[in-house]
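Asks: Supplied structure: query-v8.cif, mmCIF, C-alpha atoms and all ligand atoms.
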data_query
#
loop_
_atom_site.label_atom_id
_atom_site.label_comp_id
_atom_site.auth_asym_id
_atom_site.auth_seq_id
_atom_site.Cartn_x
_atom_site.Cartn_y
_atom_site.Cartn_z
CA MET K 1 -2.16 43.59 -69.24
CA ALA K 2 -3.36 40.49 -67.37
CA LYS K 3 -4.62 40.88 -63.84
CA VAL K 4 -3.24 38.58 -61.14
CA TYR K 5 -4.86 38.74 -57.71
CA TYR K 6 -3.19 37.52 -54.54
CA ILE K 7 -3.56 36.99 -50.81
CA ASP K 8 -0.82 36.50 -48.26
CA PHE K 9 -0.89 34.06 -45.35
CA HIS K 10 -1.69 36.53 -42.55
CA THR K 11 -4.87 35.52 -40.76
CA LYS K 12 -7.00 36.56 -37.81
CA SER K 13 -10.29 35.57 -36.23
CA GLY K 14 -13.04 35.68 -38.84
CA LYS K 15 -10.50 35.79 -41.65
CA ASN K 16 -8.81 32.44 -41.94
CA MET K 17 -7.15 31.17 -45.12
CA LEU K 18 -10.28 29.43 -46.37
CA GLN K 19 -12.29 32.64 -46.07
CA LYS K 20 -9.47 34.58 -47.70
CA LEU K 21 -9.32 32.10 -50.58
CA LYS K 22 -13.04 32.54 -51.20
CA ASN K 23 -12.56 36.33 -51.24
CA LEU K 24 -9.62 35.93 -53.61
CA ILE K 25 -11.47 33.95 -56.26
CA GLU K 26 -14.49 36.26 -56.02
CA GLU K 27 -12.32 39.38 -56.41
CA ALA K 28 -10.48 37.73 -59.30
CA GLY K 29 -13.83 37.34 -61.07
CA ILE K 30 -14.69 33.65 -60.95
CA GLU K 31 -18.39 34.56 -60.81
CA LYS K 32 -18.14 35.98 -64.34
CA ILE K 33 -18.08 32.37 -65.60
CA ASN K 34 -21.47 30.87 -66.37
CA PHE K 35 -21.35 27.59 -64.42
CA GLU K 36 -25.03 26.71 -64.72
CA LYS K 37 -25.34 22.92 -65.22
CA ARG K 38 -21.82 22.74 -66.68
CA HIS K 39 -19.27 20.04 -65.89
CA VAL K 40 -16.29 21.66 -64.22
CA ALA K 41 -12.93 19.86 -64.16
CA ILE K 42 -10.87 21.07 -61.20
CA LYS K 43 -7.36 19.91 -62.07
CA ILE K 44 -5.18 19.25 -59.06
CA HIS K 45 -2.23 17.02 -58.10
CA PHE K 46 -3.29 14.61 -55.34
CA GLY K 47 0.30 14.18 -54.13
CA GLU K 48 2.56 11.16 -54.34
CA PRO K 49 2.41 9.21 -51.04
CA GLY K 50 5.23 10.36 -48.77
CA ASN K 51 5.24 13.87 -50.23
CA LEU K 52 3.34 16.26 -47.96
CA ALA K 53 3.75 19.48 -49.94
CA TYR K 54 0.64 19.02 -52.09
CA ILE K 55 -2.37 21.35 -51.79
CA ARG K 56 -4.58 20.49 -48.79
CA PRO K 57 -8.06 19.14 -49.63
CA ASN K 58 -9.57 21.95 -47.50
CA TYR K 59 -8.59 24.47 -50.16
CA ALA K 60 -10.18 22.33 -52.87
CA LYS K 61 -13.47 22.37 -50.94
CA VAL K 62 -13.56 26.18 -51.10
CA ILE K 63 -13.37 26.04 -54.90
CA VAL K 64 -15.86 23.17 -55.14
CA ASP K 65 -18.37 24.94 -52.88
CA LYS K 66 -18.10 28.13 -54.91
CA VAL K 67 -18.65 26.27 -58.19
CA ARG K 68 -21.65 24.43 -56.71
CA SER K 69 -23.12 27.70 -55.40
CA LEU K 70 -22.98 29.03 -58.96
CA GLY K 71 -24.82 26.01 -60.37
CA GLY K 72 -21.82 24.06 -61.69
CA LYS K 73 -21.07 20.32 -61.47
CA PRO K 74 -17.48 20.14 -60.21
CA PHE K 75 -15.17 17.16 -59.89
CA LEU K 76 -11.52 16.86 -58.92
CA THR K 77 -9.26 15.29 -61.48
CA ASP K 78 -5.76 14.35 -62.54
CA CYS K 79 -4.35 12.02 -65.20
CA ASN K 80 -2.09 9.02 -64.68
CA THR K 81 1.67 9.34 -64.63
CA LEU K 82 4.16 7.95 -67.09
CA TYR K 83 6.64 6.86 -64.44
CA VAL K 84 6.28 4.06 -61.93
CA GLY K 85 4.63 5.23 -58.72
CA ARG K 86 1.31 5.22 -56.89
CA ARG K 87 -0.50 7.34 -59.51
CA ASN K 88 0.41 5.42 -62.66
CA GLU K 89 -2.98 3.72 -63.20
CA GLY K 90 -6.53 4.61 -62.32
CA LEU K 91 -7.17 2.52 -59.24
CA ASN K 92 -3.99 3.16 -57.30
CA HIS K 93 -4.26 6.82 -58.34
CA LEU K 94 -7.73 6.95 -56.78
CA GLU K 95 -6.46 5.21 -53.64
CA THR K 96 -3.63 7.75 -53.41
CA ALA K 97 -6.13 10.60 -53.66
CA TYR K 98 -8.21 9.08 -50.83
CA GLU K 99 -5.11 8.33 -48.75
CA ASN K 100 -4.03 11.94 -49.06
CA GLY K 101 -7.43 13.17 -47.94
CA PHE K 102 -9.31 13.92 -51.18
CA SER K 103 -12.73 12.37 -50.72
CA PRO K 104 -16.30 13.61 -51.15
CA PHE K 105 -16.42 13.99 -47.36
CA SER K 106 -13.48 16.42 -47.28
CA THR K 107 -13.92 18.25 -50.58
CA ASN K 108 -17.63 17.92 -51.44
CA ALA K 109 -16.60 16.55 -54.85
CA HIS K 110 -15.89 13.21 -56.46
CA VAL K 111 -12.48 12.29 -57.81
CA ILE K 112 -12.37 11.19 -61.45
CA ILE K 113 -9.10 10.03 -62.95
CA GLY K 114 -9.06 11.92 -66.23
CA ASP K 115 -7.59 9.27 -68.52
CA GLY K 116 -9.22 6.19 -67.01
CA ILE K 117 -7.93 3.06 -65.36
CA LYS K 118 -5.00 2.48 -67.74
CA GLY K 119 -4.16 6.01 -68.80
CA THR K 120 -5.37 5.28 -72.31
CA ASP K 121 -8.76 7.02 -72.25
CA ASP K 122 -8.08 10.28 -74.06
CA ILE K 123 -9.36 12.59 -76.76
CA GLU K 124 -7.12 14.04 -79.45
CA ILE K 125 -7.53 17.81 -79.63
CA PRO K 126 -6.19 19.29 -82.88
CA ILE K 127 -4.07 22.39 -82.28
CA ASN K 128 -1.60 22.28 -85.19
CA LEU K 129 1.15 24.15 -83.42
CA GLU K 130 4.92 24.06 -83.84
CA TYR K 131 5.58 20.93 -81.75
CA VAL K 132 2.17 19.34 -81.18
CA LYS K 133 -0.41 18.71 -83.87
CA ASN K 134 -2.95 16.69 -81.87
CA ALA K 135 -2.80 16.86 -78.07
CA LYS K 136 -3.89 13.71 -76.23
CA ILE K 137 -5.94 14.95 -73.28
CA GLY K 138 -7.62 12.80 -70.62
CA ARG K 139 -11.21 12.25 -71.74
CA ALA K 140 -12.93 13.41 -68.54
CA ILE K 141 -11.05 16.70 -68.76
CA ALA K 142 -11.50 17.11 -72.51
CA ASP K 143 -15.23 16.42 -72.08
CA SER K 144 -15.62 19.10 -69.41
CA ASP K 145 -17.19 22.47 -70.16
CA ILE K 146 -15.03 24.54 -67.81
CA ILE K 147 -11.44 24.12 -66.55
CA ILE K 148 -10.17 25.30 -63.18
CA SER K 149 -6.58 24.57 -62.22
CA MET K 150 -5.34 24.47 -58.63
CA ASN K 151 -1.57 24.47 -58.86
CA HIS K 152 1.04 23.90 -56.17
CA PHE K 153 3.94 26.16 -57.15
CA LYS K 154 7.27 24.42 -56.51
CA GLY K 155 10.55 23.43 -58.13
CA HIS K 156 10.80 20.80 -60.84
CA GLU K 157 13.78 18.80 -62.07
CA SER K 158 12.89 19.05 -65.78
CA THR K 159 10.96 22.30 -66.09
CA GLY K 160 12.58 24.49 -63.41
CA PHE K 161 9.30 25.08 -61.62
CA GLY K 162 5.87 23.52 -61.76
CA GLY K 163 2.89 25.88 -61.77
CA ALA K 164 -0.23 26.42 -63.85
CA LEU K 165 1.25 25.41 -67.22
CA LYS K 166 2.82 22.25 -65.84
CA ASN K 167 -0.39 21.20 -64.09
CA LEU K 168 -2.51 21.97 -67.16
CA GLY K 169 -0.25 20.80 -69.97
CA MET K 170 1.61 17.83 -68.58
CA GLY K 171 -1.00 17.04 -65.93
CA CYS K 172 -3.97 16.81 -68.32
CA GLY K 173 -2.10 14.76 -70.91
CA SER K 174 -2.95 11.05 -71.02
CA ARG K 175 0.00 8.67 -70.80
CA ALA K 176 0.34 8.96 -74.57
CA GLY K 177 0.25 12.74 -74.23
CA LYS K 178 2.90 12.67 -71.53
CA MET K 179 4.99 10.42 -73.73
CA GLU K 180 4.69 12.95 -76.57
CA MET K 181 5.87 15.80 -74.31
CA HIS K 182 8.72 13.93 -72.64
CA SER K 183 10.05 12.07 -75.59
CA SER K 184 10.98 12.57 -79.18
CA GLY K 185 11.43 8.83 -79.56
CA LYS K 186 9.64 5.54 -79.16
CA PRO K 187 9.27 3.24 -76.15
CA ARG K 188 11.26 0.05 -75.54
CA VAL K 189 10.45 -3.22 -73.82
CA ASN K 190 12.42 -4.23 -70.77
CA GLU K 191 12.56 -7.96 -71.46
CA VAL K 192 13.41 -8.86 -67.88
CA MET K 193 10.13 -7.33 -66.69
CA CYS K 194 7.95 -8.62 -69.55
CA ARG K 195 5.54 -11.34 -68.35
CA PHE K 196 4.18 -12.24 -71.81
CA CYS K 197 0.62 -11.23 -70.93
CA LYS K 198 0.13 -9.98 -74.52
CA LYS K 199 -1.91 -6.92 -73.53
CA CYS K 200 0.38 -4.45 -75.29
CA ALA K 201 -0.20 -5.67 -78.85
CA GLU K 202 -3.96 -5.43 -78.34
CA VAL K 203 -3.79 -1.62 -77.95
CA CYS K 204 -1.25 -0.94 -80.69
CA ALA K 205 -3.05 0.45 -83.73
CA HIS K 206 0.12 0.18 -85.82
CA GLN K 207 0.88 -3.52 -85.42
CA ALA K 208 4.27 -2.54 -84.06
CA ILE K 209 4.38 -5.13 -81.26
CA THR K 210 5.25 -8.75 -81.86
CA TYR K 211 6.34 -11.54 -79.52
CA LEU K 212 9.70 -13.27 -79.61
CA ALA K 213 10.24 -17.00 -79.34
CA THR K 214 11.57 -16.26 -75.87
CA ASN K 215 8.04 -15.16 -74.86
CA LYS K 216 8.95 -11.48 -74.65
CA ALA K 217 7.33 -8.50 -76.37
CA LYS K 218 9.29 -6.56 -78.97
CA ILE K 219 8.53 -3.16 -80.50
CA ASN K 220 9.30 -2.68 -84.17
CA GLN K 221 10.84 0.79 -84.13
CA ASP K 222 10.00 1.34 -87.83
CA LEU K 223 6.28 0.69 -87.37
CA CYS K 224 5.92 2.39 -83.97
CA VAL K 225 4.67 5.99 -84.10
CA GLY K 226 5.46 6.69 -80.43
CA CYS K 227 1.83 7.09 -79.34
CA GLY K 228 2.59 5.61 -75.90
CA ARG K 229 -0.62 3.58 -75.57
CA CYS K 230 1.26 0.35 -74.88
CA ILE K 231 2.91 1.97 -71.83
CA GLY K 232 -0.45 2.34 -70.15
CA ALA K 233 -1.55 -1.13 -71.20
CA CYS K 234 1.37 -2.90 -69.53
CA ALA K 235 0.51 -3.71 -65.94
CA PHE K 236 4.09 -4.84 -65.27
CA ASN K 237 5.82 -1.57 -66.23
CA ALA K 238 7.85 -3.45 -68.80
CA ILE K 239 7.44 -0.81 -71.51
CA LYS K 240 9.56 2.24 -70.88
CA PRO K 241 9.37 5.66 -72.49
CA ILE K 242 12.61 7.24 -73.62
CA TRP K 243 12.94 10.48 -71.61
CA ASN K 244 14.97 12.27 -74.23
CA GLU K 245 13.20 15.52 -75.06
CA SER K 246 15.32 18.66 -74.55
CA GLU K 247 14.39 20.90 -71.62
CA GLU K 248 13.54 23.74 -74.00
CA ILE K 249 11.21 21.76 -76.24
CA LEU K 250 9.65 20.04 -73.22
CA VAL K 251 8.40 23.34 -71.74
CA LYS K 252 7.22 24.51 -75.17
CA LYS K 253 5.25 21.31 -75.67
CA ILE K 254 3.75 21.76 -72.20
CA ALA K 255 2.61 25.27 -73.20
CA GLU K 256 1.00 23.85 -76.36
CA TYR K 257 -0.75 21.11 -74.39
CA SER K 258 -1.97 23.75 -71.92
CA LEU K 259 -3.55 25.63 -74.81
CA ALA K 260 -5.25 22.42 -75.97
CA VAL K 261 -6.74 21.90 -72.49
CA VAL K 262 -8.32 25.37 -72.21
CA LYS K 263 -9.05 25.93 -75.90
CA GLY K 264 -12.57 27.30 -76.37
CA LYS K 265 -13.52 26.87 -72.70
CA PRO K 266 -13.92 29.26 -69.79
CA ASN K 267 -10.90 28.69 -67.55
CA PHE K 268 -9.59 30.01 -64.26
CA HIS K 269 -6.33 29.30 -62.42
CA ILE K 270 -5.01 29.42 -58.86
CA ASN K 271 -1.35 29.08 -57.77
CA PHE K 272 -0.50 28.16 -54.20
CA ILE K 273 2.97 29.49 -53.34
CA MET K 274 3.43 27.55 -50.15
CA ASP K 275 5.71 24.69 -49.11
CA VAL K 276 7.80 25.53 -52.17
CA SER K 277 9.76 22.31 -52.29
CA PRO K 278 12.82 22.18 -54.56
CA ASP K 279 11.48 19.17 -56.49
CA CYS K 280 8.16 18.11 -57.96
CA ASP K 281 5.20 16.74 -55.97
CA CYS K 282 5.66 13.54 -57.97
CA ALA K 283 8.64 12.68 -55.75
CA SER K 284 7.79 10.56 -52.71
CA TYR K 285 9.39 13.16 -50.38
CA ASN K 286 9.55 16.92 -50.05
CA ASP K 287 12.64 18.71 -48.83
CA VAL K 288 12.76 21.97 -46.82
CA ALA K 289 10.91 24.77 -48.64
CA ILE K 290 13.26 27.12 -50.52
CA VAL K 291 11.38 30.31 -49.56
CA PRO K 292 8.87 31.20 -46.81
CA ASN K 293 5.20 30.73 -47.72
CA ILE K 294 4.23 33.67 -49.94
CA GLY K 295 0.54 33.53 -50.80
CA ILE K 296 -2.16 32.31 -53.15
CA LEU K 297 -2.59 33.88 -56.59
CA ALA K 298 -5.56 33.72 -58.98
CA SER K 299 -6.04 34.78 -62.58
CA PHE K 300 -7.82 34.00 -65.82
CA ASP K 301 -4.37 34.04 -67.47
CA PRO K 302 -2.16 31.00 -66.67
CA VAL K 303 0.95 32.55 -68.26
CA ALA K 304 0.67 35.76 -66.23
CA LEU K 305 -0.06 33.67 -63.13
CA ASP K 306 3.13 31.62 -63.52
CA GLN K 307 5.17 34.71 -64.37
CA ALA K 308 3.92 36.53 -61.27
CA SER K 309 4.56 33.44 -59.13
CA VAL K 310 8.13 32.92 -60.30
CA ASP K 311 8.85 36.64 -59.86
CA MET K 312 7.56 36.53 -56.27
CA VAL K 313 9.61 33.45 -55.41
CA ASN K 314 12.74 34.96 -56.93
CA ALA K 315 12.21 38.20 -55.00
CA ALA K 316 11.77 36.38 -51.67
CA PRO K 317 14.60 35.56 -49.26
CA ALA K 318 15.88 32.00 -49.43
CA VAL K 319 15.25 29.75 -46.43
CA GLU K 320 18.55 29.29 -44.64
CA GLU K 321 18.32 25.50 -44.25
CA SER K 322 17.04 24.82 -47.76
CA SER K 323 18.93 23.25 -50.63
CA LEU K 324 19.53 26.65 -52.24
CA LYS K 325 23.23 27.11 -52.04
CA GLN K 326 23.40 30.83 -52.85
CA LYS K 327 21.13 32.83 -50.57
CA LYS K 328 20.68 36.01 -52.61
CA TYR K 329 17.60 38.05 -53.42
CA HIS K 330 16.42 38.69 -56.98
CA GLN K 331 18.12 35.70 -58.49
CA ASP K 332 16.62 32.84 -60.38
CA LYS K 333 16.22 30.28 -57.61
CA PHE K 334 14.87 27.60 -59.93
CA LYS K 335 17.89 27.90 -62.19
CA MET K 336 20.12 27.58 -59.13
CA LEU K 337 18.31 24.36 -58.20
CA HIS K 338 17.98 22.92 -61.70
CA PRO K 339 20.61 24.61 -63.90
CA ASP K 340 19.72 22.88 -67.18
CA THR K 341 16.05 23.82 -67.14
CA LYS K 342 14.51 26.51 -69.35
CA TRP K 343 11.33 27.63 -67.61
CA GLU K 344 11.26 31.07 -69.24
CA GLU K 345 11.10 29.49 -72.72
CA GLY K 346 7.78 27.90 -71.75
CA LEU K 347 6.28 31.25 -70.75
CA ILE K 348 7.65 32.99 -73.85
CA HIS K 349 6.19 30.25 -76.01
CA GLY K 350 2.89 30.37 -74.11
CA GLU K 351 2.62 34.07 -74.93
CA LYS K 352 3.57 33.45 -78.56
CA ILE K 353 0.81 30.90 -79.12
CA GLY K 354 -1.85 33.05 -77.43
CA LEU K 355 -2.20 31.15 -74.15
CA GLY K 356 -1.67 34.34 -72.14
CA GLU K 357 0.71 37.22 -71.58
CA ARG K 358 3.77 37.69 -69.41
CA LYS K 359 2.99 41.26 -68.39
CA TYR K 360 0.70 41.45 -65.42
CA GLU K 361 -0.79 43.76 -62.85
CA LEU K 362 -0.55 42.34 -59.33
CA ILE K 363 -3.56 43.21 -57.16
CA LYS K 364 -3.54 42.44 -53.44
CA VAL K 365 -6.83 41.23 -51.96
CA LYS K 366 -7.39 41.85 -48.24
S1 LIG I 1 1.93 -5.84 -71.76
FE1 LIG I 1 3.91 -5.75 -70.75
S2 LIG I 1 4.18 -7.72 -69.73
FE2 LIG I 1 2.50 -7.95 -71.19
S3 LIG I 1 3.51 -8.74 -73.05
FE3 LIG I 1 3.44 -6.52 -73.26
S4 LIG I 1 5.40 -5.81 -72.42
FE4 LIG I 1 5.14 -7.93 -71.75
S1 LIG I 2 4.00 3.51 -78.75
FE1 LIG I 2 2.06 3.25 -79.84
S2 LIG I 2 2.66 2.68 -81.91
FE2 LIG I 2 4.45 2.34 -80.63
S3 LIG I 2 4.34 0.21 -80.02
FE3 LIG I 2 3.34 1.39 -78.39
S4 LIG I 2 1.16 1.38 -78.95
FE4 LIG I 2 2.31 0.76 -80.79
#
What is this file in structure tokens?
Replies:
Amino acid sequence: MAKVYYIDFHTKSGKNMLQKLKNLIEEAGIEKINFEKRHVAIKIHFGEPGNLAYIRPNYAKVIVDKVRSLGGKPFLTDCNTLYVGRRNEGLNHLETAYENGFSPFSTNAHVIIGDGIKGTDDIEIPINLEYVKNAKIGRAIADSDIIISMNHFKGHESTGFGGALKNLGMGCGSRAGKMEMHSSGKPRVNEVMCRFCKKCAEVCAHQAITYLATNKAKINQDLCVGCGRCIGACAFNAIKPIWNESEEILVKKIAEYSLAVVKGKPNFHINFIMDVSPDCDCASYNDVAIVPNIGILASFDPVALDQASVDMVNAAPAVEESSLKQKKYHQDKFKMLHPDTKWEEGLIHGEKIGLGERKYELIKVK
């Protein structure tokens, strides 16, 4: 049975949350990992501007300092998004991270955008699973020797909740990887937005993009293999993915991508159950938290960690003013918020493919 360690948010003099977090990761066994001279990717979401529910940089510094003290070479990282926003290419993603307080001054670590300036810098990791054969993972993350995930646990419109698996699987995918998880189809060109810069055809390895006499790009749907590289290449957001994957297959693909990220590497995961907003941190706002702040959990097992986190949220009282309509204990709050989502299928699939196990022992750290 997997062990999941946790701390609550009670503090006193000499025992603030940063000190408690250090205790937590030590008790959970982070020192068992050999960090000596290894590159350590600390995967985190830097927060979309306007959304204030993301993990504070102060917590990241605790993890960075611990890794450095053990001889490791840590950096903070995330990959670019598929949707239009302030994290959809490398430079504005970096600016967002700085704007939200993630700098070497605050965290003692550099920020590296995992899949480069256009979201096209990835490595294919063969996993040969049911839905994903070759996962497209941001190169900086795929090149790392050790993976640590810091995950803000909150609701999500497509996956029910976002925790360790969402941050690992979807978050470490390059734009092509994200396209593969979100879509079972091929992208299209929005002709109104196309500026005829001709960058998209340069990155297409399948000669699927041609240009019309009207000076607009066109994707040949027969030649296109849906790799998503052209989406990252278009600076004008004229190439749109088709968001058509079913909720069930989406969470299963995320589990498979998560396995690709940690495959063959020491890995350690931390869930922050605080400011549990109903929607994802990718939104440019965060509504009233659905439950009171619960605690921080750590484990070597990302499946057990997410299972323990969702169980704790579902067992907690709902916040009166939140968007939860039915304020009952022991009910699936994420299903209430996002009825079509299938979060449990992701955890079941994660267990099936050997990413972790759903049974856990919860151990409180003082
Ligand atoms: S990269 Fe974008 S703007 Fe440029 S030609 Fe292709 S679709 Fe049009
Ligand atoms: S998705 Fe890939 S194969 Fe299809 S047009 Fe874009 S770059 Fe070419």
Asks: Dump the neighbourhood of ligand LIG 2 (chain I) as a PyMOL selection string: all residues within 12 Å, distances computed on only C-alpha atoms and all ligand atoms.
Replies: chain K and resi 120+175-180+183-189+199-211+217-234+238-242
Asks: Residues at most 8 Å from Asp115 (chain K), counting all atoms listed in the file, excluding those fewer than 3 positions away in the same chain, as a PyMOL selection string?
Replies: chain K and resi 79-80+90+118-122+137-140+174-175
Asks: Would you output that residue set with C-alpha atoms, as a PDB file, keeping the file's coordinate frame?
Replies:
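That gives us part_22.pdb:
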ATOM      1  CA  CYS K  79      -4.350  12.020 -65.200  1.00  0.00           C
ATOM      2  CA  ASN K  80      -2.090   9.020 -64.680  1.00  0.00           C
ATOM      3  CA  GLY K  90      -6.530   4.610 -62.320  1.00  0.00           C
ATOM      4  CA  LYS K 118      -5.000   2.480 -67.740  1.00  0.00           C
ATOM      5  CA  GLY K 119      -4.160   6.010 -68.800  1.00  0.00           C
ATOM      6  CA  THR K 120      -5.370   5.280 -72.310  1.00  0.00           C
ATOM      7  CA  ASP K 121      -8.760   7.020 -72.250  1.00  0.00           C
ATOM      8  CA  ASP K 122      -8.080  10.280 -74.060  1.00  0.00           C
ATOM      9  CA  ILE K 137      -5.940  14.950 -73.280  1.00  0.00           C
ATOM     10  CA  GLY K 138      -7.620  12.800 -70.620  1.00  0.00           C
ATOM     11  CA  ARG K 139     -11.210  12.250 -71.740  1.00  0.00           C
ATOM     12  CA  ALA K 140     -12.930  13.410 -68.540  1.00  0.00           C
ATOM     13  CA  SER K 174      -2.950  11.050 -71.020  1.00  0.00           C
ATOM     14  CA  ARG K 175       0.000   8.670 -70.800  1.00  0.00           C
TER      15      ARG K 175
END
Asks: Kindly provide the residues of region 186-281 of chain K that approach region 156-161 of chain K to within 8 Å, each paired with its closest atom pair and their distance in Å to one decimal, based on all atoms listed in the file, listed by chain and increasing number, as a Markdown table.
Replies:
| residue | atom | partner | partner_atom | distance |
| --- | --- | --- | --- | --- |
| K:Glu247 | CA | K:Ser158 | CA | 6.3 |
| K:Leu250 | CA | K:Thr159 | CA | 7.6 |
| K:Val251 | CA | K:Thr159 | CA | 6.3 |
| K:Pro278 | CA | K:His156 | CA | 6.7 |
| K:Asp279 | CA | K:His156 | CA | 4.7 |
| K:Cys280 | CA | K:His156 | CA | 4.7 |
Asks: For region 283-293 of chain K, take all atoms listed in the file, fit an axis-aligned box around them, add 4 Å to each of the six sides, then output centre and edge lengths in Å rounded to one decimal, as AutoDock Vina command-line options.
Replies:
--center_x 9.2 --center_y 20.9 --center_z -51.3 --size_x 16.1 --size_y 28.6 --size_z 16.9
Asks: Which is closer to Lys253 (chain K) than all the others in K:Asp332, K:Asn215, K:Ser309, K:Glu345, using all atoms listed in the file?
Replies: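 Checking each of K:Asp332, K:Asn215, K:Ser309, K:Glu345 against Lys253 (chain K), counting all atoms listed in the file, the winner is K:Glu345.
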Asks: With all atoms listed in the file as the atoms that count, which of K:Ile294, K:Ile63, K:Ile44, K:Leu212 lies nearest to ligand LIG 1 (chain I)?
Replies: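 Comparing K:Ile294, K:Ile63, K:Ile44, K:Leu212 against ligand LIG 1 (chain I), the winner is K:Leu212.
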Asks: What gap, in Å, lies between CA of Gly350 (chain K) and CA of Gly47 (chain K)?
Replies: 25.8 Å
Asks: Neighbouring residues of Asn267 (chain K) were defined as those with any atom within 7 Å, considering only C-alpha atoms; residues of the same chain fewer than 4 positions away were excluded. Please report them as a PyMOL selection string.
Replies: chain K and resi 146-148+262+300
Asks: Could you check the closest approach to ligand LIG 1 (chain I) for each of K:Phe102, K:Phe9, K:Tyr83, K:Phe196 and tell me which residue wins, using all atoms listed in the file?
Replies: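 Looking at the shortest contact to ligand LIG 1 (chain I), the residue is K:Phe196.
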Asks: Please report the interatomic distance between CA of Met150 (chain K) and CA of Asn108 (chain K) in Å with one decimal.
Replies: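 Those two atoms sit 15.7 Å apart.
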Asks: Just checking: using all atoms listed in the file, which residue out of K:Gly173, K:Lys263, K:Pro74, K:Phe153 ends up closest to Ile353 (chain K)?
Replies: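 Checking each of K:Gly173, K:Lys263, K:Pro74, K:Phe153 against Ile353 (chain K), counting all atoms listed in the file, the winner is K:Lys263.
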Asks: The residues within 9 Å of (3.3, 26.2, -53.8), using only C-alpha atoms and the coordinates of the file, should be reported as a list in words; which are they?
Replies: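 Applying the cut-off with only C-alpha atoms, one gets Ala53, Tyr54, Ile55, Asn151, His152, Phe153, Lys154, Gly155, Gly162, Gly163, Asn271, Phe272, Ile273, Met274, Asp275, Val276, Ser277, Asn293, Ile294, Gly295 and Ile296 of chain K.
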Asks: For ligand LIG 1 (chain I), which of K:Cys194, K:Val64, K:Ile25, K:Leu129 is the closest residue, counting only C-alpha atoms and all ligand atoms?
Replies: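 Comparing K:Cys194, K:Val64, K:Ile25, K:Leu129 against ligand LIG 1 (chain I), the winner is K:Cys194.
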Asks: Using all atoms listed in the file, can you tell me which of K:Gln331, K:Thr214, K:Gln307, K:Ser322 comes closest to Gly356 (chain K)?
Replies: K:Gln307
Asks: Grab the CA of Ala60 (chain K) to CA of Leu259 (chain K) distance for me, in Å with one decimal place.
Replies: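 For CA of Ala60 (chain K) relative to CA of Leu259 (chain K), the distance reads 23.2 Å.
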Asks: Taking 2 positions as the minimum chain separation for residues in the same chain, which residues sit within 7 Å of region 26-33 of chain K when counting all atoms listed in the file? Answer as an NGL selection string.
Replies: :K and (5 or 22-24 or 35 or 266 or 298-299)
Asks: Restricted to C-alpha atoms, what does region 131-144 of chain K look like when written out as a PDB file, in the first residue's frame?
Replies:
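The file below, result_21.pdb, is the result:
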ATOM      1  CA  TYR K 131      -3.981   5.245 -26.210  1.00  0.00           C
ATOM      2  CA  VAL K 132      -0.481   6.695 -26.541  1.00  0.00           C
ATOM      3  CA  LYS K 133       2.385   5.045 -28.376  1.00  0.00           C
ATOM      4  CA  ASN K 134       4.951   7.870 -28.243  1.00  0.00           C
ATOM      5  CA  ALA K 135       4.438  10.646 -25.693  1.00  0.00           C
ATOM      6  CA  LYS K 136       5.707  14.086 -26.717  1.00  0.00           C
ATOM      7  CA  ILE K 137       7.336  15.512 -23.591  1.00  0.00           C
ATOM      8  CA  GLY K 138       9.001  18.923 -23.262  1.00  0.00           C
ATOM      9  CA  ARG K 139      12.718  18.408 -23.869  1.00  0.00           C
ATOM     10  CA  ALA K 140      13.997  20.074 -20.696  1.00  0.00           C
ATOM     11  CA  ILE K 141      11.787  17.781 -18.634  1.00  0.00           C
ATOM     12  CA  ALA K 142      12.525  14.665 -20.677  1.00  0.00           C
ATOM     13  CA  ASP K 143      16.258  15.418 -20.379  1.00  0.00           C
ATOM     14  CA  SER K 144      16.100  15.703 -16.588  1.00  0.00           C
TER      15      SER K 144
END
